[in-house]
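Okay, structure first, notes after.
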Amino acid sequence: MKKRMLLACALLWAGASASAPRALTPAPETGRFLMTSFSGGQPLWAWCDSPSRVLALIQYAVPATTNPQTTPAELHEWPKTAAGLGKIQVSTVLIGQPDPGAGQIYTPLKLTSGPRKGQSGYVHTSNIENTNDPAYRMTKTGEFKLGNDVYKCRYVKDATFIGVTQKRTVIIWDNGKTATYATRNFDGSAGVYVTGGKNIDFGSETGWGYEFLKKEGYKYSVSSGDGMRPKQPPLSVTVYRKGKVLTDEPFLAYSISLPK
């Protein structure tokens, strides 16, 4: 009798344990940031700031092909020189289906017209270092391969912004309290590094930007303005000294990574 009671108690305890709510492990945090890229006012599929040139893939808004396995686009290229970016080169492209691997994605490209007609290649991106992972706020583009040419792309993991003008690369970091501004000049001269920057408050949802102050009355402003227009407002970097505009350079390609 005693054995039967012990067995019944054991079964009752096991049943209660099975039906008791379990402590759930919270899902990992993902997608804290949203990165958008543009060339002028056009969204970019991908772009690359390589040591020798800038490359930008602009996907057509309306597909010009009935093949669901390819997406038509244009490849814009600007060679880098000591005097700045050279004349733009434009090729039409068919973007194929991506081939993901262990942490890597290779998306095939086929050049159908323009100076690279007949060449093939790929864009190499990361499926680990991207804005879907909470550790990263920029999606990493590793390289463009076009024909026999391979172009390694600049990558700045924690940047809020990275863009190129005719003469330089501009990088902005923002830790939530203060921002830092840096440039990499194409002519090899020393760039600028300024800390203590701040967001520009435009008072509307369309304005975006930062400004940075330096000694001798210098101010650096990266801003898209406050245009109430459906298209992405033009983005530029403006340098002032004592209120006077020294340079105003529009960005040819850029990426902005902001919290969702």
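Lettering and numbering for the structure tokens are positional, with chains as A, B, ... in the shown order, residues counted from 1 in each chain, and ligands counted from 1 in the shown order.
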So that each row is one residue of stretch 137-178 of chain A with an atom at most 8 Å from stretch 126-132 of chain A, can you give its shortest atom pair and the distance in Å to one decimal, using only C-alpha atoms, rows by chain and rising number, as a tab-separated table?
```
residue	atom	partner	partner_atom	distance
A:Arg137	CA	A:Thr131	CA	4.9
A:Met138	CA	A:Asn130	CA	5.7
A:Thr139	CA	A:Asn130	CA	3.7
A:Lys140	CA	A:Ser126	CA	5.6
A:Thr141	CA	A:Ser126	CA	6.6
A:Gly142	CA	A:Ser126	CA	7.3
```
Selection above as a file: N, CA, C and O atoms, as a CSV table (one decimal), in the first residue's frame:
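Printed below is out10.csv as written:
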```
chain,number,residue,atom,x,y,z
A,137,ARG,N,25.5,48.6,-36.8
A,137,ARG,CA,24.5,49.6,-37.3
A,137,ARG,C,24.8,49.9,-38.8
A,137,ARG,O,24.0,50.7,-39.4
A,138,MET,N,25.8,49.4,-39.4
A,138,MET,CA,26.1,49.5,-40.8
A,138,MET,C,26.1,48.1,-41.4
A,138,MET,O,26.7,47.2,-40.8
A,139,THR,N,25.5,47.9,-42.6
A,139,THR,CA,25.6,46.6,-43.3
A,139,THR,C,26.9,46.6,-44.1
A,139,THR,O,27.2,47.6,-44.8
A,140,LYS,N,27.7,45.6,-43.9
A,140,LYS,CA,29.1,45.6,-44.5
A,140,LYS,C,29.0,45.2,-45.9
A,140,LYS,O,28.5,44.1,-46.3
A,141,THR,N,29.5,46.0,-46.8
A,141,THR,CA,29.8,45.6,-48.2
A,141,THR,C,31.3,45.4,-48.3
A,141,THR,O,32.1,46.3,-48.1
A,142,GLY,N,31.7,44.2,-48.6
A,142,GLY,CA,33.1,43.8,-48.6
A,142,GLY,C,33.8,44.2,-49.9
A,142,GLY,O,34.9,44.8,-49.8
```
Using the chain letters and numbers from this document, which residues of stretch 25-234 of chain A does DSSP assign to strand (DSSP E or B), as a ChimeraX atom specification?
-> /A:33-39,42-43,46-49,53-59,71-81,84-85,89-95,99-100,104-113,120-126,141-146,149-152,159-164,168-174,179-185,193-199,209-214,218-223
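Relative to atom CA of A:Ser223, atom CA of A:Lys157 is found at 21.5 Å.
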May I ask for the distance between atom CA of A:Gly41 and atom CA of A:Tyr60, given in Å to one decimal place?
-> 13.3 Å
Could you state the separation of atom CA of A:Gly84 and atom CA of A:Gly40 in Å, given to one decimal place?
->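 Between atom CA of A:Gly84 and atom CA of A:Gly40 the gap works out to 17.6 Å.
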In terms of the shortest atom-to-atom distance over only C-alpha atoms, which of A:Gly209, A:Gly121, A:Pro234, A:Gly31 is closest to A:Tyr106?
-> A:Gly121
Write out as a list in words which residues come within 12 Å of A:Arg184 when counting only C-alpha atoms, dropping same-chain ones fewer than 5 positions away.
-> Asp49, Ser50, Pro51, Gly84, Arg154, Ile162, Gly163, Val164, Thr165, Gln166, Lys167, Arg168, Thr169, Val170, Ile171, Ile172, Ser189, Ala190, Gly191, Val192 and Tyr193 of chain A
Near A:Leu94, counting only C-alpha atoms, which residues have an atom at most 6 Å away, once you skip same-chain residues fewer than 2 positions from it, shown as number ranges by chain?
-> A: 70-72, 109-110
